[in-house]
$ cat entry-v4.tsv   # TSV, C-alpha atoms
chain	number	residue	atom	x	y	z
E	115	MET	CA	66.36	199.19	81.71
E	116	SER	CA	66.48	197.40	78.41
E	117	GLU	CA	63.34	196.08	76.88
E	118	GLU	CA	63.04	192.31	77.14
E	119	PRO	CA	63.05	190.50	73.80
E	120	ASP	CA	59.81	189.03	72.59
E	121	ILE	CA	60.22	185.30	72.97
E	122	THR	CA	56.76	184.47	71.67
E	123	ARG	CA	57.11	181.76	69.06
E	124	LEU	CA	55.45	182.21	65.71
E	125	ILE	CA	53.74	178.97	64.76
E	126	ILE	CA	52.32	178.83	61.26
E	127	LYS	CA	49.72	176.14	60.84
E	128	VAL	CA	50.34	173.84	57.89
E	129	THR	CA	47.35	173.84	55.55
E	130	ARG	CA	46.68	172.10	52.27
E	131	ASP	CA	47.14	175.41	50.45
E	132	THR	CA	50.65	175.89	51.86
E	133	LEU	CA	51.82	172.34	51.16
E	134	PRO	CA	53.94	171.59	48.10
E	135	GLN	CA	52.22	169.49	45.46
E	136	ILE	CA	53.25	165.88	45.16
E	137	LYS	CA	55.24	166.64	42.01
E	138	ASP	CA	57.37	169.12	43.98
E	139	LYS	CA	58.27	166.73	46.79
E	140	TYR	CA	61.33	164.58	47.39
E	141	PRO	CA	60.39	160.98	46.46
E	142	PHE	CA	61.08	159.01	49.64
E	143	ILE	CA	63.36	158.25	52.58
E	144	TYR	CA	63.96	154.68	53.77
E	145	LEU	CA	64.34	154.19	57.53
E	146	GLU	CA	65.06	151.12	59.63
E	147	ARG	CA	65.87	150.28	63.26
E	148	GLY	CA	64.82	153.45	65.00
E	149	ARG	CA	61.92	155.56	66.24
E	150	LEU	CA	59.82	158.36	64.77
E	151	GLU	CA	58.47	160.84	67.28
E	152	ILE	CA	57.65	164.52	67.78
E	153	ASP	CA	59.93	167.16	69.22
E	154	ASP	CA	59.11	170.88	69.21
E	155	SER	CA	56.34	170.42	66.61
E	156	SER	CA	58.65	168.64	64.17
E	157	VAL	CA	59.13	164.98	63.31
E	158	LYS	CA	62.45	163.54	64.35
E	159	TRP	CA	64.11	160.22	63.67
E	160	ILE	CA	66.16	158.57	66.40
E	161	ASP	CA	68.26	155.70	65.09
E	162	CYS	CA	69.49	152.69	67.07
E	163	ASP	CA	72.72	154.52	67.95
E	164	GLY	CA	70.88	157.50	69.42
E	165	ASN	CA	71.54	159.85	66.50
E	166	VAL	CA	68.74	162.38	65.92
E	167	VAL	CA	67.67	163.66	62.51
E	168	ARG	CA	64.80	166.10	61.97
E	169	LEU	CA	62.71	165.22	58.94
E	170	PRO	CA	61.09	167.87	56.67
E	171	VAL	CA	57.94	165.78	56.23
E	172	ALA	CA	56.05	168.56	54.38
E	173	THR	CA	58.52	168.19	51.50
E	174	LEU	CA	58.61	164.37	51.51
E	175	ASN	CA	56.30	162.19	49.46
E	176	CYS	CA	56.62	159.20	51.76
E	177	LEU	CA	58.62	157.50	54.47
E	178	LEU	CA	59.44	153.83	53.88
E	179	LEU	CA	59.61	152.18	57.30
E	180	GLY	CA	61.75	149.08	57.40
E	181	PRO	CA	62.34	146.48	60.16
E	182	GLY	CA	62.83	147.66	63.72
E	183	THR	CA	60.96	150.95	63.34
E	184	THR	CA	58.39	152.38	65.72
E	185	VAL	CA	56.30	155.51	65.31
E	186	THR	CA	54.28	157.51	67.83
E	187	HIS	CA	50.64	158.45	67.41
E	188	GLU	CA	51.52	162.15	67.39
E	189	ALA	CA	54.11	161.65	64.65
E	190	VAL	CA	51.51	159.98	62.44
E	191	LYS	CA	49.15	162.92	62.99
E	192	ILE	CA	51.80	165.44	61.94
E	193	MET	CA	52.75	163.44	58.85
E	194	ALA	CA	49.12	163.06	57.84
E	195	ALA	CA	48.62	166.82	58.17
E	196	ALA	CA	51.70	167.32	55.98
E	197	ASN	CA	50.37	164.81	53.41
E	198	CYS	CA	53.46	162.63	53.86
E	199	SER	CA	52.56	158.96	53.47
E	200	LEU	CA	53.85	156.10	55.58
E	201	CYS	CA	54.68	152.77	53.98
E	202	TRP	CA	55.72	149.67	55.88
E	203	VAL	CA	58.25	147.64	53.93
E	204	GLY	CA	60.76	144.83	54.38
E	205	GLU	CA	64.49	145.33	54.70
E	206	ASP	CA	65.79	147.60	51.92
E	207	SER	CA	62.17	147.83	50.69
E	208	LEU	CA	62.33	144.23	49.46
E	209	PHE	CA	58.71	143.65	50.44
E	210	PHE	CA	55.85	146.14	50.42
E	211	TYR	CA	53.50	145.37	53.31
E	212	ALA	CA	51.12	148.27	53.80
E	213	ALA	CA	50.55	151.98	53.36
E	214	GLY	CA	48.98	154.55	55.64
E	215	GLN	CA	46.42	156.57	53.71
E	216	THR	CA	46.75	160.33	54.00
E	217	PRO	CA	43.75	162.70	53.98
E	218	THR	CA	42.62	164.17	50.68
E	219	SER	CA	40.63	167.32	50.05
E	220	ASN	CA	37.73	165.50	48.40
E	221	ALA	CA	36.73	162.28	46.66
E	222	ARG	CA	36.65	163.74	43.12
E	223	ASN	CA	39.57	161.68	41.80
E	224	LEU	CA	38.42	158.49	43.51
E	225	LYS	CA	34.91	158.90	42.09
E	226	LYS	CA	36.32	159.39	38.60
E	227	GLN	CA	38.51	156.29	38.94
E	228	MET	CA	35.58	154.19	40.16
E	229	LEU	CA	33.27	155.33	37.35
E	230	LEU	CA	35.88	154.49	34.70
E	231	SER	CA	36.68	151.11	36.22
E	232	SER	CA	33.04	150.06	36.56
E	233	ASP	CA	32.31	150.77	32.88
E	234	LYS	CA	33.76	147.88	30.84
E	235	LYS	CA	34.23	149.92	27.68
E	236	LYS	CA	35.81	152.90	29.44
E	237	SER	CA	38.00	150.62	31.54
E	238	VAL	CA	39.49	149.04	28.40
E	239	GLU	CA	40.04	152.51	26.94
E	240	VAL	CA	42.08	153.45	30.02
E	241	ALA	CA	44.09	150.23	29.70
E	242	ARG	CA	44.64	150.97	26.00
E	243	ARG	CA	46.09	154.38	26.84
E	244	MET	CA	48.50	152.66	29.24
E	245	PHE	CA	49.59	150.13	26.64
E	246	ALA	CA	49.98	152.88	24.05
E	247	ARG	CA	52.83	154.25	26.18
E	248	ARG	CA	54.73	151.00	25.57
E	249	PHE	CA	53.55	150.49	21.97
E	250	PRO	CA	53.55	154.01	20.47
E	251	THR	CA	53.54	152.78	16.85
E	252	ALA	CA	51.06	149.89	17.23
E	253	ASP	CA	47.41	150.07	16.27
E	254	LEU	CA	45.62	149.10	19.48
E	255	LYS	CA	42.18	150.38	18.52
E	256	ASP	CA	40.54	146.98	18.12
E	257	LYS	CA	42.74	145.01	20.52
E	258	THR	CA	41.13	143.30	23.49
E	259	LEU	CA	42.62	143.54	26.97
E	260	ASN	CA	43.91	139.95	26.77
E	261	GLU	CA	45.56	140.62	23.41
E	262	MET	CA	47.31	143.71	24.73
E	263	MET	CA	48.45	141.83	27.84
E	264	GLY	CA	49.90	139.14	25.59
E	265	MET	CA	51.79	141.78	23.62
E	266	GLU	CA	53.13	143.23	26.85
E	267	GLY	CA	54.33	139.86	28.12
E	268	PHE	CA	56.27	139.28	24.90
E	269	ARG	CA	57.70	142.82	25.03
E	270	VAL	CA	58.98	142.40	28.60
E	271	ARG	CA	60.66	139.08	27.77
E	272	GLU	CA	62.37	140.77	24.84
E	273	ILE	CA	63.56	143.60	27.11
E	274	TYR	CA	65.10	141.08	29.52
E	275	GLU	CA	66.98	139.41	26.67
E	276	LYS	CA	68.05	142.73	25.19
E	277	LYS	CA	69.39	144.04	28.51
E	278	ALA	CA	71.17	140.76	29.24
E	279	LYS	CA	72.99	141.04	25.92
E	280	GLU	CA	73.68	144.76	26.35
E	281	TYR	CA	75.30	144.32	29.77
E	282	ASN	CA	76.76	140.85	29.05
E	283	VAL	CA	74.80	139.21	31.86
E	284	GLY	CA	73.73	135.57	31.95
E	285	TRP	CA	69.94	135.45	32.17
E	286	LYS	CA	67.81	132.40	32.98
E	287	GLY	CA	64.52	134.22	33.40
E	288	ARG	CA	62.58	136.14	36.04
E	289	ARG	CA	62.46	134.16	39.28
E	290	PHE	CA	61.24	135.26	42.68
E	291	THR	CA	60.14	133.10	45.60
E	292	PRO	CA	58.45	135.02	48.45
E	293	GLY	CA	60.49	134.74	51.63
E	294	LYS	CA	63.54	133.39	49.80
E	295	PHE	CA	65.13	136.52	48.41
E	296	GLU	CA	68.67	135.12	48.66
E	297	MET	CA	67.77	132.18	46.42
E	298	GLY	CA	67.61	134.42	43.33
E	299	ASP	CA	70.60	135.48	41.29
E	300	ILE	CA	71.91	139.05	41.61
E	301	THR	CA	69.85	140.37	38.68
E	302	ASN	CA	66.65	138.96	40.13
E	303	GLN	CA	67.49	140.29	43.58
E	304	VAL	CA	67.92	143.84	42.26
E	305	LEU	CA	64.72	143.50	40.24
E	306	THR	CA	62.81	142.36	43.34
E	307	SER	CA	64.10	145.14	45.59
E	308	SER	CA	63.71	147.95	43.04
E	309	ASN	CA	60.21	146.76	42.10
E	310	ALA	CA	59.15	146.77	45.76
E	311	ALA	CA	60.55	150.28	46.28
E	312	LEU	CA	58.70	151.46	43.17
E	313	TYR	CA	55.44	149.99	44.50
E	314	GLY	CA	55.94	151.89	47.75
E	315	ILE	CA	56.46	155.22	46.00
E	316	LEU	CA	53.50	154.65	43.67
E	317	SER	CA	51.17	153.57	46.46
E	318	SER	CA	52.07	156.69	48.42
E	319	ALA	CA	51.61	158.93	45.38
E	320	VAL	CA	48.27	157.35	44.45
E	321	HIS	CA	46.95	157.86	47.99
E	322	SER	CA	48.24	161.43	48.12
E	323	LEU	CA	46.52	162.31	44.85
E	324	GLY	CA	43.18	160.97	46.08
E	325	TYR	CA	43.00	157.77	44.02
E	326	SER	CA	42.76	154.17	45.19
E	327	PRO	CA	45.57	151.64	44.65
E	328	HIS	CA	42.92	148.90	44.79
E	329	ILE	CA	41.02	149.88	41.62
E	330	GLY	CA	42.97	148.79	38.56
E	331	PHE	CA	42.38	148.60	34.81
E	332	ILE	CA	44.84	145.90	33.69
E	333	HIS	CA	45.83	143.91	36.76
E	334	SER	CA	43.29	142.14	38.94
E	335	GLY	CA	43.21	139.60	41.73
E	336	SER	CA	46.08	141.33	43.53
E	337	PRO	CA	46.29	143.71	46.52
E	338	LEU	CA	47.37	146.83	44.57
E	339	PRO	CA	46.21	146.51	40.94
E	340	PHE	CA	46.36	150.22	40.09
E	341	VAL	CA	49.88	150.44	41.53
E	342	TYR	CA	50.94	147.48	39.39
E	343	ASP	CA	49.26	149.09	36.35
E	344	LEU	CA	51.31	152.24	36.83
E	345	ALA	CA	54.54	150.44	37.73
E	346	ASP	CA	54.69	148.88	34.27
E	347	LEU	CA	55.05	152.38	32.81
E	348	TYR	CA	58.37	152.93	34.59
E	349	LYS	CA	59.91	149.50	35.19
E	350	GLU	CA	61.94	149.27	32.00
E	351	THR	CA	64.16	152.24	32.85
E	352	LEU	CA	63.85	152.36	36.60
E	353	CYS	CA	64.07	148.67	37.52
E	354	ILE	CA	65.00	146.39	34.63
E	355	ASP	CA	67.85	148.44	33.18
E	356	LEU	CA	69.08	149.17	36.70
E	357	ALA	CA	69.19	145.47	37.60
E	358	PHE	CA	71.21	144.41	34.57
E	359	SER	CA	73.52	147.42	34.77
E	360	LEU	CA	74.47	146.63	38.38
E	361	THR	CA	74.82	142.86	38.09
E	362	LEU	CA	78.45	142.58	36.99
E	363	GLU	CA	79.44	145.55	39.13
E	364	MET	CA	78.34	143.72	42.30
E	365	ALA	CA	80.43	140.65	41.40
E	366	GLY	CA	78.04	138.04	42.76
E	367	LYS	CA	77.30	139.75	46.10
E	368	TYR	CA	74.15	141.83	46.59
E	369	ASN	CA	75.05	145.31	47.81
E	370	ARG	CA	72.04	146.93	49.45
E	371	HIS	CA	73.56	150.42	49.61
E	372	LYS	CA	74.63	150.44	45.97
E	373	VAL	CA	71.17	149.35	44.83
E	374	SER	CA	69.38	151.86	47.05
E	375	ASN	CA	71.57	154.77	45.96
E	376	ALA	CA	71.36	153.90	42.27
E	377	PHE	CA	67.59	153.48	42.45
E	378	ARG	CA	67.10	156.78	44.30
E	379	LYS	CA	69.30	158.58	41.76
E	380	ARG	CA	67.19	157.31	38.87
E	381	VAL	CA	63.95	158.25	40.62
E	382	ILE	CA	65.17	161.83	40.95
E	383	GLU	CA	66.72	162.05	37.46
E	384	MET	CA	63.52	160.90	35.76
E	385	ASP	CA	61.41	163.25	37.92
E	386	LEU	CA	59.18	160.32	38.82
E	387	LEU	CA	56.70	162.19	41.03
E	388	VAL	CA	55.99	164.76	38.33
E	389	ASN	CA	55.51	161.96	35.82
E	390	ILE	CA	53.19	160.01	38.10
E	391	SER	CA	50.90	162.97	38.62
E	392	ASN	CA	50.79	163.89	34.94
E	393	ASP	CA	50.55	160.31	33.69
E	394	ILE	CA	47.59	159.39	35.90
E	395	GLU	CA	45.70	162.46	34.77
E	396	ASP	CA	46.44	161.72	31.10
E	397	ILE	CA	45.67	158.00	31.36
E	398	LEU	CA	42.33	158.62	33.04
E	399	GLY	CA	41.31	161.04	30.33
E	400	GLY	CA	42.58	164.39	31.59
E	401	LYS	CA	40.77	166.94	33.69
E	402	LYS	CA	37.03	166.91	33.39

$ encode --input "entry-v4.tsv" --output "structure tokens"
Amino acid sequence: MSEEPDITRLIIKVTRDTLPQIKDKYPFIYLERGRLEIDDSSVKWIDCDGNVVRLPVATLNCLLLGPGTTVTHEAVKIMAAANCSLCWVGEDSLFFYAAGQTPTSNARNLKKQMLLSSDKKKSVEVARRMFARRFPTADLKDKTLNEMMGMEGFRVREIYEKKAKEYNVGWKGRRFTPGKFEMGDITNQVLTSSNAALYGILSSAVHSLGYSPHIGFIHSGSPLPFVYDLADLYKETLCIDLAFSLTLEMAGKYNRHKVSNAFRKRVIEMDLLVNISNDIEDILGGKK
């Protein structure tokens, strides 16, 4: 009589020590019109046509949930344990609505961020390190926050004009009306959608690293000031250049798939998640 095979399943509990760091994860996956649930201890996505895809949430930074998505309580628990953030966004990530905060090992990073933000002098020093990324040759030592913000506004307007000339695109300025995405020209539509996707990735990364998106150093009076602070470090290459480079190619008709694919490709090529982790640490003064 042959010995029966051992059918006991080996289940290895996911712990923080076995999880990949945020810099080692895939940036994001956008999902719409379907359901996230659990099957055999894994997260699966069931789309509106009944197709099933198992998601390796332990290696994902975040899931961007678009219109028509539902998620079970158990699926949220598994994703939280895997440190995979959930972000609720509009169609094609055009609007960033909310983010589910994942657990962190301790409040060390949040405490550091709060102490820096609450000290006026130290807060300006953090802002100055951010602006120094965009003005590497400028002497910012004695510049006030308002002066540096003025410099940044002028720099961004120059970038728009430069990119318009480089890609031979007519440019009438940055225009975006909430709820009226289609009213903008193609360049503005790509800018809006890529900016929103960037905010989703940054919000997820900030939560995962144990910081708060609500405590900023440059922006204020907005829902996610720290996210907006960080976004300005990457927008020129990731969003602005992308928008102008795709404008003529789309020939007057916004192509959601082309924008999404081009944006995702740039995120991966520039190793955004590695940069986010390193940049935040450097901007806040390094490890203490």

$ residues_around --input "entry-v4.tsv" --residues "Glu275 of chain E" --least-positions-apart "3" --cutoff "12 Å" --atoms "only C-alpha atoms" --output "list in words"
Phe268, Arg269, Val270, Arg271, Glu272, Ala278, Lys279, Glu280, Tyr281, Asn282, Val283, Gly284, Trp285, Lys286, Gly287, Arg288, Ile354, Asp355 and Phe358 of chain E

$ residues_around --input "entry-v4.tsv" --residues "segment 316-331 of chain E" --least-positions-apart "2" --cutoff "6 Å" --atoms "all atoms listed in the file" --output "number ranges by chain"
E: 199, 215, 218, 223-224, 237, 241, 313-314, 333, 338-341

$ residues_near_point --input "entry-v4.tsv" --point "(57.0, 147.1, 56.3)" --cutoff "9 Å" --atoms "only C-alpha atoms" --output "list in words"
Leu178, Leu179, Gly180, Pro181, Thr183, Cys201, Trp202, Val203, Gly204, Glu205, Ser207, Phe209, Phe210, Tyr211, Ala212 and Ala213 of chain E

$ atom_distance --input "entry-v4.tsv" --atom1 "atom CA of Asp161 of chain E" --atom2 "atom CA of Ile382 of chain E"
25.1 Å

$ atom_distance --input "entry-v4.tsv" --atom1 "atom CA of Leu362 of chain E" --atom2 "atom CA of Asn302 of chain E"
12.7 Å

$ atom_distance --input "entry-v4.tsv" --atom1 "atom CA of Ala172 of chain E" --atom2 "atom CA of Glu395 of chain E"
23.0 Å

$ closest_residue --input "entry-v4.tsv" --among "E:Leu398, E:Glu383, E:Asp299, E:Ser308" --to "Met364 of chain E" --atoms "all atoms listed in the file"
E:Asp299

$ axis_aligned_box --input "entry-v4.tsv" --around "segment 376-381 of chain E" --padding-each-side "4 Å" --output "lines of an AutoDock Vina configuration file"
center_x = 67.7
center_y = 156.0
center_z = 41.6
size_x = 15.4
size_y = 13.1
size_z = 13.4

$ closest_residue --input "entry-v4.tsv" --among "E:Asp346, E:Gly214, E:Leu387, E:Leu259" --to "Leu174 of chain E" --atoms "only C-alpha atoms"
E:Leu387

$ residues_around --input "entry-v4.tsv" --residues "Phe142 of chain E" --least-positions-apart "6" --cutoff "6 Å" --atoms "all atoms listed in the file" --output "NGL selection string"
:E and (175-177)

$ residues_around --input "entry-v4.tsv" --residues "Leu386 of chain E" --least-positions-apart "3" --cutoff "10 Å" --atoms "all atoms listed in the file" --output "MDAnalysis selection string"
chainID E and resid 137 140:141 312 315:316 348 352 380:383 389:392

$ build_atoms --input "entry-v4.tsv" --residues "segment 321-335 of chain E" --atoms "N, CA and C atoms" --output "PDB file, keeping the file's coordinate frame"
ATOM      1  N   HIS E 321      47.723 157.420  46.826  1.00  0.00           N
ATOM      2  CA  HIS E 321      46.950 157.860  47.990  1.00  0.00           C
ATOM      3  C   HIS E 321      46.948 159.380  48.099  1.00  0.00           C
ATOM      4  N   SER E 322      48.111 159.980  47.938  1.00  0.00           N
ATOM      5  CA  SER E 322      48.240 161.430  48.120  1.00  0.00           C
ATOM      6  C   SER E 322      47.419 162.207  47.099  1.00  0.00           C
ATOM      7  N   LEU E 323      47.270 161.647  45.908  1.00  0.00           N
ATOM      8  CA  LEU E 323      46.520 162.310  44.850  1.00  0.00           C
ATOM      9  C   LEU E 323      45.015 162.048  44.927  1.00  0.00           C
ATOM     10  N   GLY E 324      44.610 161.208  45.884  1.00  0.00           N
ATOM     11  CA  GLY E 324      43.180 160.970  46.080  1.00  0.00           C
ATOM     12  C   GLY E 324      42.611 159.829  45.275  1.00  0.00           C
ATOM     13  N   TYR E 325      43.470 158.954  44.745  1.00  0.00           N
ATOM     14  CA  TYR E 325      43.000 157.770  44.020  1.00  0.00           C
ATOM     15  C   TYR E 325      43.112 156.549  44.920  1.00  0.00           C
ATOM     16  N   SER E 326      42.661 155.416  44.426  1.00  0.00           N
ATOM     17  CA  SER E 326      42.760 154.170  45.190  1.00  0.00           C
ATOM     18  C   SER E 326      43.717 153.208  44.500  1.00  0.00           C
ATOM     19  N   PRO E 327      44.665 152.631  45.245  1.00  0.00           N
ATOM     20  CA  PRO E 327      45.570 151.640  44.650  1.00  0.00           C
ATOM     21  C   PRO E 327      44.868 150.317  44.377  1.00  0.00           C
ATOM     22  N   HIS E 328      43.636 150.169  44.890  1.00  0.00           N
ATOM     23  CA  HIS E 328      42.920 148.900  44.790  1.00  0.00           C
ATOM     24  C   HIS E 328      42.010 148.799  43.554  1.00  0.00           C
ATOM     25  N   ILE E 329      41.900 149.878  42.797  1.00  0.00           N
ATOM     26  CA  ILE E 329      41.020 149.880  41.620  1.00  0.00           C
ATOM     27  C   ILE E 329      41.869 149.973  40.372  1.00  0.00           C
ATOM     28  N   GLY E 330      42.097 148.834  39.716  1.00  0.00           N
ATOM     29  CA  GLY E 330      42.970 148.790  38.560  1.00  0.00           C
ATOM     30  C   GLY E 330      42.218 148.662  37.249  1.00  0.00           C
ATOM     31  N   PHE E 331      42.963 148.691  36.152  1.00  0.00           N
ATOM     32  CA  PHE E 331      42.380 148.600  34.810  1.00  0.00           C
ATOM     33  C   PHE E 331      42.999 147.482  33.984  1.00  0.00           C
ATOM     34  N   ILE E 332      44.167 147.012  34.385  1.00  0.00           N
ATOM     35  CA  ILE E 332      44.840 145.900  33.690  1.00  0.00           C
ATOM     36  C   ILE E 332      44.996 144.728  34.648  1.00  0.00           C
ATOM     37  N   HIS E 333      45.633 144.965  35.774  1.00  0.00           N
ATOM     38  CA  HIS E 333      45.830 143.910  36.760  1.00  0.00           C
ATOM     39  C   HIS E 333      44.568 143.683  37.574  1.00  0.00           C
ATOM     40  N   SER E 334      44.422 142.472  38.075  1.00  0.00           N
ATOM     41  CA  SER E 334      43.290 142.140  38.940  1.00  0.00           C
ATOM     42  C   SER E 334      43.707 140.963  39.817  1.00  0.00           C
ATOM     43  N   GLY E 335      42.917 140.711  40.854  1.00  0.00           N
ATOM     44  CA  GLY E 335      43.210 139.600  41.730  1.00  0.00           C
ATOM     45  C   GLY E 335      44.474 139.782  42.544  1.00  0.00           C
TER      46      GLY E 335
END
